[in-house]
>>> print(open('input16.cif').read())   # mmCIF, C-alpha atoms
data_upload
#
loop_
_atom_site.group_PDB
_atom_site.id
_atom_site.type_symbol
_atom_site.label_atom_id
_atom_site.label_comp_id
_atom_site.auth_asym_id
_atom_site.auth_seq_id
_atom_site.Cartn_x
_atom_site.Cartn_y
_atom_site.Cartn_z
ATOM 1 C CA MET H 3 -17.289 -6.779 15.780
ATOM 2 C CA ALA H 4 -18.766 -8.668 12.852
ATOM 3 C CA MET H 5 -16.656 -11.321 11.247
ATOM 4 C CA ALA H 6 -17.011 -12.007 7.555
ATOM 5 C CA THR H 7 -18.439 -15.308 6.426
ATOM 6 C CA ALA H 8 -17.767 -16.926 3.098
ATOM 7 C CA PRO H 9 -20.563 -18.205 0.843
ATOM 8 C CA THR H 10 -21.862 -21.622 1.814
ATOM 9 C CA SER H 11 -21.620 -23.019 -1.701
ATOM 10 C CA VAL H 12 -18.674 -23.116 -4.033
ATOM 11 C CA ARG H 13 -19.395 -22.557 -7.724
ATOM 12 C CA ALA H 14 -16.415 -24.543 -8.967
ATOM 13 C CA PRO H 15 -13.306 -26.218 -7.557
ATOM 14 C CA ALA H 16 -10.629 -23.703 -6.658
ATOM 15 C CA ARG H 17 -7.739 -23.382 -9.091
ATOM 16 C CA TRP H 18 -4.185 -22.520 -8.152
ATOM 17 C CA GLN H 19 -4.767 -19.090 -9.720
ATOM 18 C CA ASP H 20 -7.481 -18.446 -7.129
ATOM 19 C CA PHE H 21 -5.103 -19.131 -4.246
ATOM 20 C CA LEU H 22 -2.491 -16.940 -5.909
ATOM 21 C CA GLN H 23 -5.064 -14.144 -6.096
ATOM 22 C CA LEU H 24 -5.626 -14.505 -2.345
ATOM 23 C CA LEU H 25 -2.036 -13.369 -1.844
ATOM 24 C CA LYS H 26 -2.719 -10.044 -3.620
ATOM 25 C CA PRO H 27 0.206 -10.345 -6.066
ATOM 26 C CA ARG H 28 0.032 -6.669 -7.113
ATOM 27 C CA VAL H 29 0.420 -5.516 -3.527
ATOM 28 C CA MET H 30 3.055 -8.187 -2.962
ATOM 29 C CA SER H 31 5.114 -6.883 -5.891
ATOM 30 C CA LEU H 32 5.180 -3.370 -4.388
ATOM 31 C CA VAL H 33 6.115 -4.803 -0.983
ATOM 32 C CA VAL H 34 8.958 -6.832 -2.500
ATOM 33 C CA PHE H 35 10.208 -3.824 -4.456
ATOM 34 C CA THR H 36 10.310 -1.470 -1.472
ATOM 35 C CA ALA H 37 11.775 -4.155 0.795
ATOM 36 C CA LEU H 38 14.512 -4.867 -1.747
ATOM 37 C CA THR H 39 15.292 -1.154 -1.868
ATOM 38 C CA GLY H 40 15.676 -1.078 1.908
ATOM 39 C CA LEU H 41 17.918 -4.139 1.847
ATOM 40 C CA VAL H 42 20.175 -2.747 -0.920
ATOM 41 C CA CYS H 43 20.364 0.751 0.598
ATOM 42 C CA ALA H 44 21.561 -0.625 3.932
ATOM 43 C CA PRO H 45 25.301 0.045 4.471
ATOM 44 C CA GLU H 46 26.093 -3.616 5.156
ATOM 45 C CA HIS H 47 25.737 -6.118 2.324
ATOM 46 C CA LEU H 48 23.919 -9.339 3.087
ATOM 47 C CA ASN H 49 24.977 -12.645 1.565
ATOM 48 C CA PRO H 50 23.002 -12.926 -1.714
ATOM 49 C CA ILE H 51 21.409 -16.214 -0.673
ATOM 50 C CA LEU H 52 20.337 -14.822 2.696
ATOM 51 C CA GLY H 53 19.132 -11.685 0.931
ATOM 52 C CA ALA H 54 16.964 -13.813 -1.347
ATOM 53 C CA VAL H 55 15.634 -15.669 1.690
ATOM 54 C CA ALA H 56 14.786 -12.360 3.383
ATOM 55 C CA ILE H 57 12.925 -11.047 0.336
ATOM 56 C CA LEU H 58 11.098 -14.370 -0.014
ATOM 57 C CA CYS H 59 10.002 -14.190 3.625
ATOM 58 C CA ILE H 60 8.745 -10.627 3.185
ATOM 59 C CA ALA H 61 6.855 -11.626 0.020
ATOM 60 C CA VAL H 62 5.279 -14.639 1.736
ATOM 61 C CA GLY H 63 4.394 -12.522 4.769
ATOM 62 C CA ALA H 64 2.717 -9.971 2.499
ATOM 63 C CA GLY H 65 0.793 -12.753 0.801
ATOM 64 C CA ALA H 66 -0.268 -14.127 4.173
ATOM 65 C CA SER H 67 -1.603 -10.704 5.144
ATOM 66 C CA GLY H 68 -3.549 -10.549 1.895
ATOM 67 C CA ALA H 69 -5.116 -13.969 2.452
ATOM 68 C CA LEU H 70 -6.168 -13.056 6.001
ATOM 69 C CA ASN H 71 -7.571 -9.766 4.718
ATOM 70 C CA MET H 72 -9.620 -11.516 2.023
ATOM 71 C CA TRP H 73 -10.921 -14.054 4.549
ATOM 72 C CA TYR H 74 -12.145 -11.425 7.003
ATOM 73 C CA ASP H 75 -13.353 -8.901 4.427
ATOM 74 C CA ALA H 76 -15.402 -11.324 2.319
ATOM 75 C CA ASP H 77 -18.630 -9.514 3.237
ATOM 76 C CA ILE H 78 -17.218 -6.107 2.299
ATOM 77 C CA ASP H 79 -15.649 -7.414 -0.904
ATOM 78 C CA ALA H 80 -18.940 -9.005 -1.990
ATOM 79 C CA ALA H 81 -20.710 -5.642 -1.719
ATOM 80 C CA MET H 82 -18.151 -3.664 -3.719
ATOM 81 C CA ARG H 83 -18.025 -3.525 -7.513
ATOM 82 C CA ARG H 84 -14.224 -3.338 -7.482
ATOM 83 C CA THR H 85 -13.704 -6.441 -5.315
ATOM 84 C CA ARG H 86 -16.721 -8.681 -5.772
ATOM 85 C CA GLY H 87 -14.807 -10.938 -8.166
ATOM 86 C CA ARG H 88 -12.213 -11.913 -5.547
ATOM 87 C CA PRO H 89 -11.973 -15.663 -4.808
ATOM 88 C CA VAL H 90 -13.811 -15.751 -1.461
ATOM 89 C CA PRO H 91 -16.851 -13.533 -2.204
ATOM 90 C CA ALA H 92 -17.119 -15.095 -5.668
ATOM 91 C CA GLY H 93 -17.315 -18.527 -4.041
ATOM 92 C CA ARG H 94 -14.236 -20.001 -5.698
ATOM 93 C CA VAL H 95 -12.368 -20.409 -2.386
ATOM 94 C CA GLN H 96 -13.851 -21.227 1.010
ATOM 95 C CA GLY H 97 -13.221 -18.668 3.730
ATOM 96 C CA ALA H 98 -11.760 -21.351 5.993
ATOM 97 C CA ASP H 99 -9.206 -22.224 3.331
ATOM 98 C CA ALA H 100 -8.161 -18.577 2.968
ATOM 99 C CA LEU H 101 -7.798 -18.330 6.754
ATOM 100 C CA ALA H 102 -5.718 -21.500 6.946
ATOM 101 C CA LEU H 103 -3.477 -20.356 4.113
ATOM 102 C CA GLY H 104 -2.927 -16.985 5.795
ATOM 103 C CA ILE H 105 -2.018 -18.501 9.159
ATOM 104 C CA VAL H 106 0.342 -21.127 7.706
ATOM 105 C CA LEU H 107 2.162 -18.615 5.504
ATOM 106 C CA SER H 108 2.427 -16.121 8.373
ATOM 107 C CA LEU H 109 4.100 -18.648 10.651
ATOM 108 C CA LEU H 110 6.322 -19.963 7.879
ATOM 109 C CA SER H 111 7.566 -16.527 6.798
ATOM 110 C CA VAL H 112 8.322 -15.287 10.323
ATOM 111 C CA MET H 113 10.048 -18.478 11.452
ATOM 112 C CA LEU H 114 12.161 -18.718 8.296
ATOM 113 C CA MET H 115 13.165 -15.057 8.615
ATOM 114 C CA GLY H 116 14.167 -15.574 12.235
ATOM 115 C CA VAL H 117 16.107 -18.794 11.727
ATOM 116 C CA GLY H 118 17.622 -17.924 8.360
ATOM 117 C CA VAL H 119 18.300 -14.179 8.675
ATOM 118 C CA ASN H 120 17.793 -12.548 12.093
ATOM 119 C CA TRP H 121 15.084 -12.308 14.718
ATOM 120 C CA PHE H 122 14.861 -8.511 14.691
ATOM 121 C CA ALA H 123 13.737 -8.564 11.068
ATOM 122 C CA ALA H 124 11.436 -11.500 11.903
ATOM 123 C CA GLY H 125 9.869 -9.499 14.730
ATOM 124 C CA LEU H 126 9.226 -6.546 12.413
ATOM 125 C CA LEU H 127 7.694 -8.906 9.858
ATOM 126 C CA ALA H 128 5.428 -10.480 12.478
ATOM 127 C CA PHE H 129 4.351 -7.022 13.685
ATOM 128 C CA THR H 130 3.546 -5.970 10.112
ATOM 129 C CA ILE H 131 1.393 -9.036 9.466
ATOM 130 C CA VAL H 132 -0.533 -8.612 12.725
ATOM 131 C CA PHE H 133 -0.936 -4.874 12.199
ATOM 132 C CA TYR H 134 -2.397 -5.329 8.719
ATOM 133 C CA ALA H 135 -4.531 -8.405 9.383
ATOM 134 C CA VAL H 136 -5.815 -7.477 12.842
ATOM 135 C CA VAL H 137 -5.401 -3.756 13.580
ATOM 136 C CA TYR H 138 -6.207 -2.492 10.088
ATOM 137 C CA THR H 139 -8.477 -5.175 8.614
ATOM 138 C CA MET H 140 -10.495 -6.136 11.693
ATOM 139 C CA TRP H 141 -10.639 -2.762 13.431
ATOM 140 C CA LEU H 142 -9.546 0.402 11.624
ATOM 141 C CA LYS H 143 -11.074 -0.331 8.225
ATOM 142 C CA ARG H 144 -14.559 -0.782 9.660
ATOM 143 C CA TRP H 145 -14.545 1.822 12.429
ATOM 144 C CA THR H 146 -12.737 5.039 11.501
ATOM 145 C CA ALA H 147 -12.191 7.339 8.536
ATOM 146 C CA GLN H 148 -8.534 7.432 9.597
ATOM 147 C CA ASN H 149 -8.214 3.765 8.616
ATOM 148 C CA ILE H 150 -5.845 4.467 5.732
ATOM 149 C CA VAL H 151 -3.772 7.003 7.691
ATOM 150 C CA ILE H 152 -3.038 4.708 10.629
ATOM 151 C CA GLY H 153 -3.239 1.449 8.724
ATOM 152 C CA GLY H 154 -0.744 2.759 6.183
ATOM 153 C CA LEU H 155 2.018 1.810 8.611
ATOM 154 C CA ALA H 156 1.687 -1.828 7.547
ATOM 155 C CA GLY H 157 2.447 -1.000 3.931
ATOM 156 C CA ALA H 158 5.243 1.377 4.923
ATOM 157 C CA LEU H 159 7.311 -1.102 6.963
ATOM 158 C CA PRO H 160 8.753 -3.430 4.254
ATOM 159 C CA PRO H 161 11.833 -1.251 3.520
ATOM 160 C CA VAL H 162 12.576 -1.187 7.254
ATOM 161 C CA ILE H 163 12.299 -4.980 7.359
ATOM 162 C CA GLY H 164 14.638 -5.240 4.362
ATOM 163 C CA TRP H 165 17.147 -2.913 6.031
ATOM 164 C CA ALA H 166 16.878 -4.842 9.293
ATOM 165 C CA ALA H 167 17.472 -8.102 7.438
ATOM 166 C CA ALA H 168 20.780 -6.736 6.141
ATOM 167 C CA THR H 169 22.051 -5.078 9.319
ATOM 168 C CA GLY H 170 19.960 -6.232 12.263
ATOM 169 C CA THR H 171 19.170 -2.551 12.944
ATOM 170 C CA ALA H 172 16.698 0.098 11.801
ATOM 171 C CA PRO H 173 18.391 3.532 11.699
ATOM 172 C CA LEU H 174 16.966 6.901 10.678
ATOM 173 C CA ASN H 175 17.334 6.366 6.934
ATOM 174 C CA ALA H 176 15.386 3.099 7.135
ATOM 175 C CA TRP H 177 12.550 4.902 8.895
ATOM 176 C CA LEU H 178 12.760 7.707 6.345
ATOM 177 C CA LEU H 179 11.899 5.194 3.630
ATOM 178 C CA CYS H 180 9.012 4.089 5.828
ATOM 179 C CA ALA H 181 7.889 7.706 6.269
ATOM 180 C CA ILE H 182 7.769 8.261 2.508
ATOM 181 C CA ILE H 183 5.334 5.392 2.000
ATOM 182 C CA PHE H 184 3.377 6.285 5.146
ATOM 183 C CA MET H 185 2.807 9.891 4.003
ATOM 184 C CA TRP H 186 2.160 8.784 0.410
ATOM 185 C CA THR H 187 -0.619 6.367 1.376
ATOM 186 C CA PRO H 188 -3.447 8.810 2.327
ATOM 187 C CA PRO H 189 -3.415 10.919 -0.865
ATOM 188 C CA HIS H 190 -2.957 7.765 -2.941
ATOM 189 C CA PHE H 191 -5.912 5.869 -1.460
ATOM 190 C CA TRP H 192 -8.159 8.868 -0.897
ATOM 191 C CA ALA H 193 -7.792 9.740 -4.594
ATOM 192 C CA LEU H 194 -8.968 6.216 -5.377
ATOM 193 C CA SER H 195 -11.810 6.441 -2.859
ATOM 194 C CA LEU H 196 -13.113 9.645 -4.462
ATOM 195 C CA TYR H 197 -14.205 7.702 -7.540
ATOM 196 C CA THR H 198 -15.163 4.504 -5.710
ATOM 197 C CA SER H 199 -16.984 6.134 -2.773
ATOM 198 C CA GLU H 200 -20.329 4.583 -3.721
ATOM 199 C CA ASP H 201 -18.773 1.151 -3.324
ATOM 200 C CA TYR H 202 -17.441 2.011 0.125
ATOM 201 C CA ALA H 203 -20.762 3.533 1.188
ATOM 202 C CA LYS H 204 -22.660 0.446 0.022
ATOM 203 C CA ALA H 205 -20.277 -1.806 1.954
ATOM 204 C CA GLY H 206 -20.429 0.351 5.092
ATOM 205 C CA VAL H 207 -16.703 1.185 5.039
ATOM 206 C CA PRO H 208 -16.076 4.634 6.599
ATOM 207 C CA MET H 209 -13.659 5.927 3.987
ATOM 208 C CA MET H 210 -13.002 9.666 4.116
ATOM 209 C CA PRO H 211 -15.331 10.703 1.231
ATOM 210 C CA VAL H 212 -18.160 8.704 2.817
ATOM 211 C CA VAL H 213 -17.687 10.212 6.289
ATOM 212 C CA LYS H 214 -16.457 13.750 5.569
ATOM 213 C CA GLY H 215 -17.561 14.260 1.995
ATOM 214 C CA ALA H 216 -15.673 14.782 -1.254
ATOM 215 C CA LYS H 217 -14.753 18.443 -0.665
ATOM 216 C CA SER H 218 -13.112 17.727 2.692
ATOM 217 C CA THR H 219 -11.297 14.711 1.207
ATOM 218 C CA ARG H 220 -9.880 16.790 -1.635
ATOM 219 C CA ALA H 221 -8.624 19.367 0.861
ATOM 220 C CA GLN H 222 -6.983 16.696 3.002
ATOM 221 C CA ILE H 223 -5.326 15.188 -0.075
ATOM 222 C CA LEU H 224 -3.780 18.579 -0.821
ATOM 223 C CA VAL H 225 -2.547 18.985 2.762
ATOM 224 C CA TYR H 226 -0.990 15.523 2.821
ATOM 225 C CA SER H 227 0.591 16.166 -0.576
ATOM 226 C CA LEU H 228 2.224 19.348 0.731
ATOM 227 C CA LEU H 229 3.585 17.377 3.681
ATOM 228 C CA LEU H 230 4.647 14.439 1.521
ATOM 229 C CA ILE H 231 7.000 16.167 -0.896
ATOM 230 C CA PRO H 232 9.553 17.435 1.686
ATOM 231 C CA VAL H 233 9.666 13.914 3.154
ATOM 232 C CA CYS H 234 10.310 12.501 -0.314
ATOM 233 C CA VAL H 235 13.160 14.938 -0.968
ATOM 234 C CA ALA H 236 14.736 14.437 2.472
ATOM 235 C CA PRO H 237 16.836 11.315 1.596
ATOM 236 C CA ALA H 238 18.981 13.519 -0.645
ATOM 237 C CA PHE H 239 20.001 15.446 2.485
ATOM 238 C CA THR H 240 20.624 12.504 4.816
ATOM 239 C CA GLY H 241 23.238 10.633 2.807
ATOM 240 C CA LEU H 242 20.729 8.140 1.423
ATOM 241 C CA GLY H 243 19.971 9.564 -2.017
ATOM 242 C CA GLY H 244 22.150 11.097 -4.711
ATOM 243 C CA ALA H 245 21.767 13.694 -7.455
ATOM 244 C CA ALA H 246 19.486 11.502 -9.557
ATOM 245 C CA TYR H 247 17.218 10.899 -6.591
ATOM 246 C CA LEU H 248 17.076 14.614 -5.797
ATOM 247 C CA GLY H 249 15.998 15.336 -9.358
ATOM 248 C CA VAL H 250 13.366 12.593 -9.498
ATOM 249 C CA SER H 251 11.875 13.360 -6.090
ATOM 250 C CA SER H 252 11.821 17.131 -6.721
ATOM 251 C CA LEU H 253 10.448 17.147 -10.264
ATOM 252 C CA GLY H 254 8.041 14.321 -9.541
ATOM 253 C CA GLY H 255 6.961 16.120 -6.396
ATOM 254 C CA LEU H 256 6.101 19.232 -8.399
ATOM 255 C CA VAL H 257 3.923 17.158 -10.737
ATOM 256 C CA PHE H 258 2.317 15.470 -7.728
ATOM 257 C CA LEU H 259 1.490 18.866 -6.179
ATOM 258 C CA LEU H 260 0.097 20.156 -9.469
ATOM 259 C CA LEU H 261 -2.213 17.148 -9.763
ATOM 260 C CA ALA H 262 -3.227 17.483 -6.100
ATOM 261 C CA TRP H 263 -4.024 21.188 -6.669
ATOM 262 C CA ARG H 264 -6.087 20.393 -9.757
ATOM 263 C CA LEU H 265 -7.928 17.734 -7.776
ATOM 264 C CA PHE H 266 -8.562 20.218 -4.962
ATOM 265 C CA ARG H 267 -10.059 22.706 -7.417
ATOM 266 C CA SER H 268 -12.188 20.027 -9.114
ATOM 267 C CA HIS H 269 -15.527 18.484 -8.195
ATOM 268 C CA ALA H 270 -14.196 14.934 -8.075
ATOM 269 C CA GLY H 271 -16.405 12.678 -6.007
ATOM 270 C CA GLU H 272 -19.496 14.830 -6.542
ATOM 271 C CA ALA H 273 -20.442 14.302 -10.219
ATOM 272 C CA ALA H 274 -23.570 12.326 -10.998
ATOM 273 C CA ASP H 275 -22.891 11.196 -14.579
ATOM 274 C CA PRO H 276 -22.829 7.408 -15.101
ATOM 275 C CA ARG H 277 -19.720 5.254 -15.501
ATOM 276 C CA ASN H 278 -18.860 3.600 -18.781
ATOM 277 C CA ASP H 279 -17.918 0.191 -17.322
ATOM 278 C CA ASP H 280 -16.417 -1.544 -14.331
ATOM 279 C CA GLY H 281 -12.757 -0.762 -15.043
ATOM 280 C CA LEU H 282 -10.699 0.857 -12.308
ATOM 281 C CA TYR H 283 -9.519 3.627 -14.638
ATOM 282 C CA ASP H 284 -12.859 4.162 -16.412
ATOM 283 C CA VAL H 285 -14.272 6.813 -14.113
ATOM 284 C CA ARG H 286 -16.832 9.554 -14.220
ATOM 285 C CA ALA H 287 -15.719 12.596 -16.167
ATOM 286 C CA GLY H 288 -15.766 14.738 -13.029
ATOM 287 C CA ALA H 289 -13.513 12.304 -11.181
ATOM 288 C CA ARG H 290 -10.704 12.124 -13.715
ATOM 289 C CA ASP H 291 -8.528 14.441 -11.664
ATOM 290 C CA ALA H 292 -8.753 11.913 -8.814
ATOM 291 C CA ARG H 293 -7.903 9.086 -11.219
ATOM 292 C CA ASN H 294 -4.928 11.031 -12.554
ATOM 293 C CA LEU H 295 -3.462 11.653 -9.096
ATOM 294 C CA PHE H 296 -4.020 8.030 -8.107
ATOM 295 C CA ALA H 297 -2.236 6.770 -11.227
ATOM 296 C CA PHE H 298 0.665 9.233 -10.952
ATOM 297 C CA SER H 299 1.135 8.503 -7.259
ATOM 298 C CA ILE H 300 2.022 4.907 -8.141
ATOM 299 C CA LEU H 301 4.521 6.067 -10.758
ATOM 300 C CA TYR H 302 6.053 8.644 -8.400
ATOM 301 C CA LEU H 303 6.668 6.141 -5.618
ATOM 302 C CA ALA H 304 8.055 3.574 -8.050
ATOM 303 C CA LEU H 305 10.439 6.101 -9.644
ATOM 304 C CA MET H 306 11.801 7.271 -6.295
ATOM 305 C CA PHE H 307 12.503 3.787 -4.991
ATOM 306 C CA ALA H 308 13.863 2.646 -8.363
ATOM 307 C CA THR H 309 16.248 5.606 -8.394
ATOM 308 C CA LEU H 310 17.486 4.866 -4.885
ATOM 309 C CA LEU H 311 17.910 1.213 -5.809
ATOM 310 C CA GLY H 312 19.799 2.100 -8.983
ATOM 311 C CA GLU H 313 22.092 4.588 -7.248
ATOM 312 C CA HIS H 314 23.108 2.105 -4.562
ATOM 313 C CA LEU H 315 23.554 -0.790 -6.987
ATOM 314 C CA ALA H 316 25.741 1.440 -9.152
ATOM 315 C CA GLY H 317 27.752 2.577 -6.138
ATOM 316 C CA LEU H 318 27.048 6.258 -6.773
ATOM 317 C CA LYS H 319 28.037 8.586 -3.953
ATOM 318 C CA PRO H 320 25.247 10.396 -2.111
ATOM 319 C CA LEU H 321 25.077 14.162 -2.039
ATOM 320 C CA GLU H 322 26.996 15.788 0.804
ATOM 321 C CA PHE H 323 24.840 18.544 2.214
ATOM 322 C CA LEU H 324 25.353 17.672 5.902
#
>>> encode(input="input16.cif", output="structure tokens")
Amino acid sequence: MAMATAPTSVRAPARWQDFLQLLKPRVMSLVVFTALTGLVCAPEHLNPILGAVAILCIAVGAGASGALNMWYDADIDAAMRRTRGRPVPAGRVQGADALALGIVLSLLSVMLMGVGVNWFAAGLLAFTIVFYAVVYTMWLKRWTAQNIVIGGLAGALPPVIGWAAATGTAPLNAWLLCAIIFMWTPPHFWALSLYTSEDYAKAGVPMMPVVKGAKSTRAQILVYSLLLIPVCVAPAFTGLGGAAYLGVSSLGGLVFLLLAWRLFRSHAGEAADPRNDDGLYDVRAGARDARNLFAFSILYLALMFATLLGEHLAGLKPLEFL
């Protein structure tokens, strides 16, 4: 197994913004949001100060995972148009510094969660960090086209950790929140990979379009989308979500399926016309259906979790189907 090495020379002294970028703040914000939803949806209310500590620990743990990922993946990031400007491959931060930051923040977040909140939540947090930094980053990402499917568990666990922080347990509804993110991850990332497949191929990352081709990837996106929507609607039938959630998950799910169907019928990932620039959303004309599903998938997940969060904060009663 090849370990990434950082550039031997640094172009300029690292700024605090570079170390912040190591923590992947965009990913961290999604982690914090879903973890907060899990914490608020839990039937027992945690002391606000302890709740803030729990969310801080989850945020720091997510940042630690990001720093470890950027340390190990410096070689991959340097080869990809989308990631070559990150602090380590760009030479603004030494790989050893990213590694040290990741280790220190990992230990700090887990220990503070255990001492300040409870050790069950701390154990789940530690598992999530190890799973993302070691199982996904060091193994799955480089060796199998199922990297996103299996590795998606790391990104799906924050609401379970938030729930566990509040109650010390992880019941069915907590794992249902996890299942939503887990099933959402493959169509979300495979849509992205359809219009960045050249980057992944150049870097030697076995993403699905590189290994199985664009047509197979589009078909698998459709299959996962069909499986995803019932999972998204399920909280309305388990006492977790209310009428607003049922409406958002159902109507949003229909839009998601429509976009997945249009992507399936398209030639996304196969067109040969040039790109306009290096922007994430400036894609080849033939890949716009992939871009559209990728963008809407983010909105769909955010709306569902925001609705659950709003319903529970407002004290709205869940639907009583069971």
>>> residues_around(input="input16.cif", residues="region 216-228 of chain H", least_positions_apart="4", cutoff="8 Å", atoms="all atoms listed in the file", output="ChimeraX atom specification")
/H:185-186,188-189,192-193,196,210-212,232,258-259,262-263,265-266,269-272
>>> write_last_selection(input="input16.cif", atoms="C-alpha atoms", output="mmCIF file, in the coordinates of the input")
data_model
loop_
_atom_site.group_PDB
_atom_site.id
_atom_site.type_symbol
_atom_site.label_atom_id
_atom_site.label_comp_id
_atom_site.auth_asym_id
_atom_site.auth_seq_id
_atom_site.Cartn_x
_atom_site.Cartn_y
_atom_site.Cartn_z
ATOM 1 C CA MET H 185 2.807 9.891 4.003
ATOM 2 C CA TRP H 186 2.160 8.784 0.410
ATOM 3 C CA PRO H 188 -3.447 8.810 2.327
ATOM 4 C CA PRO H 189 -3.415 10.919 -0.865
ATOM 5 C CA TRP H 192 -8.159 8.868 -0.897
ATOM 6 C CA ALA H 193 -7.792 9.740 -4.594
ATOM 7 C CA LEU H 196 -13.113 9.645 -4.462
ATOM 8 C CA MET H 210 -13.002 9.666 4.116
ATOM 9 C CA PRO H 211 -15.331 10.703 1.231
ATOM 10 C CA VAL H 212 -18.160 8.704 2.817
ATOM 11 C CA PRO H 232 9.553 17.435 1.686
ATOM 12 C CA PHE H 258 2.317 15.470 -7.728
ATOM 13 C CA LEU H 259 1.490 18.866 -6.179
ATOM 14 C CA ALA H 262 -3.227 17.483 -6.100
ATOM 15 C CA TRP H 263 -4.024 21.188 -6.669
ATOM 16 C CA LEU H 265 -7.928 17.734 -7.776
ATOM 17 C CA PHE H 266 -8.562 20.218 -4.962
ATOM 18 C CA HIS H 269 -15.527 18.484 -8.195
ATOM 19 C CA ALA H 270 -14.196 14.934 -8.075
ATOM 20 C CA GLY H 271 -16.405 12.678 -6.007
ATOM 21 C CA GLU H 272 -19.496 14.830 -6.542
#
>>> resolve_selection(input="input16.cif", expression="the PyMOL selection byres ((chain H and resi 97-103) around 10)", output="number ranges by chain")
H: 6-10, 21, 24-25, 65-76, 89-91, 93-96, 104-108
>>> residues_around(input="input16.cif", residues="Gly317 (chain H)", least_positions_apart="5", cutoff="12 Å", atoms="all atoms listed in the file", output="list in words")
Val42, Cys43, Pro45, Leu242, Gly243, Gly244, Leu310, Leu311 and Gly312 of chain H
>>> write_last_selection(input="input16.cif", atoms="C-alpha atoms", output="short mmCIF file (atom, residue, chain, number, x, y, z; two decimals), keeping the file's coordinate frame")
data_model
loop_
_atom_site.label_atom_id
_atom_site.label_comp_id
_atom_site.auth_asym_id
_atom_site.auth_seq_id
_atom_site.Cartn_x
_atom_site.Cartn_y
_atom_site.Cartn_z
CA VAL H 42 20.18 -2.75 -0.92
CA CYS H 43 20.36 0.75 0.60
CA PRO H 45 25.30 0.04 4.47
CA LEU H 242 20.73 8.14 1.42
CA GLY H 243 19.97 9.56 -2.02
CA GLY H 244 22.15 11.10 -4.71
CA LEU H 310 17.49 4.87 -4.88
CA LEU H 311 17.91 1.21 -5.81
CA GLY H 312 19.80 2.10 -8.98
#
>>> atom_distance(input="input16.cif", atom1="CA of Gly154 (chain H)", atom2="CA of Gly53 (chain H)")
25.1 Å
>>> atom_distance(input="input16.cif", atom1="CA of Tyr197 (chain H)", atom2="CA of Ala181 (chain H)")
26.1 Å
>>> residues_around(input="input16.cif", residues="Thr169 (chain H)", least_positions_apart="3", cutoff="10 Å", atoms="only C-alpha atoms", output="list in words")
Leu41, Ala44, Pro45, Glu46, His47, Leu48, Val119, Asn120, Phe122, Ala123, Ile163, Gly164, Trp165, Ala166, Ala172 and Pro173 of chain H
>>> write_last_selection(input="input16.cif", atoms="C-alpha atoms", output="PDB file, keeping the file's coordinate frame")
ATOM      1  CA  LEU H  41      17.918  -4.139   1.847  1.00  0.00           C
ATOM      2  CA  ALA H  44      21.561  -0.625   3.932  1.00  0.00           C
ATOM      3  CA  PRO H  45      25.301   0.045   4.471  1.00  0.00           C
ATOM      4  CA  GLU H  46      26.093  -3.616   5.156  1.00  0.00           C
ATOM      5  CA  HIS H  47      25.737  -6.118   2.324  1.00  0.00           C
ATOM      6  CA  LEU H  48      23.919  -9.339   3.087  1.00  0.00           C
ATOM      7  CA  VAL H 119      18.300 -14.179   8.675  1.00  0.00           C
ATOM      8  CA  ASN H 120      17.793 -12.548  12.093  1.00  0.00           C
ATOM      9  CA  PHE H 122      14.861  -8.511  14.691  1.00  0.00           C
ATOM     10  CA  ALA H 123      13.737  -8.564  11.068  1.00  0.00           C
ATOM     11  CA  ILE H 163      12.299  -4.980   7.359  1.00  0.00           C
ATOM     12  CA  GLY H 164      14.638  -5.240   4.362  1.00  0.00           C
ATOM     13  CA  TRP H 165      17.147  -2.913   6.031  1.00  0.00           C
ATOM     14  CA  ALA H 166      16.878  -4.842   9.293  1.00  0.00           C
ATOM     15  CA  ALA H 172      16.698   0.098  11.801  1.00  0.00           C
ATOM     16  CA  PRO H 173      18.391   3.532  11.699  1.00  0.00           C
TER      17      PRO H 173
END
>>> atom_distance(input="input16.cif", atom1="CA of Trp145 (chain H)", atom2="CA of Val213 (chain H)")
10.9 Å
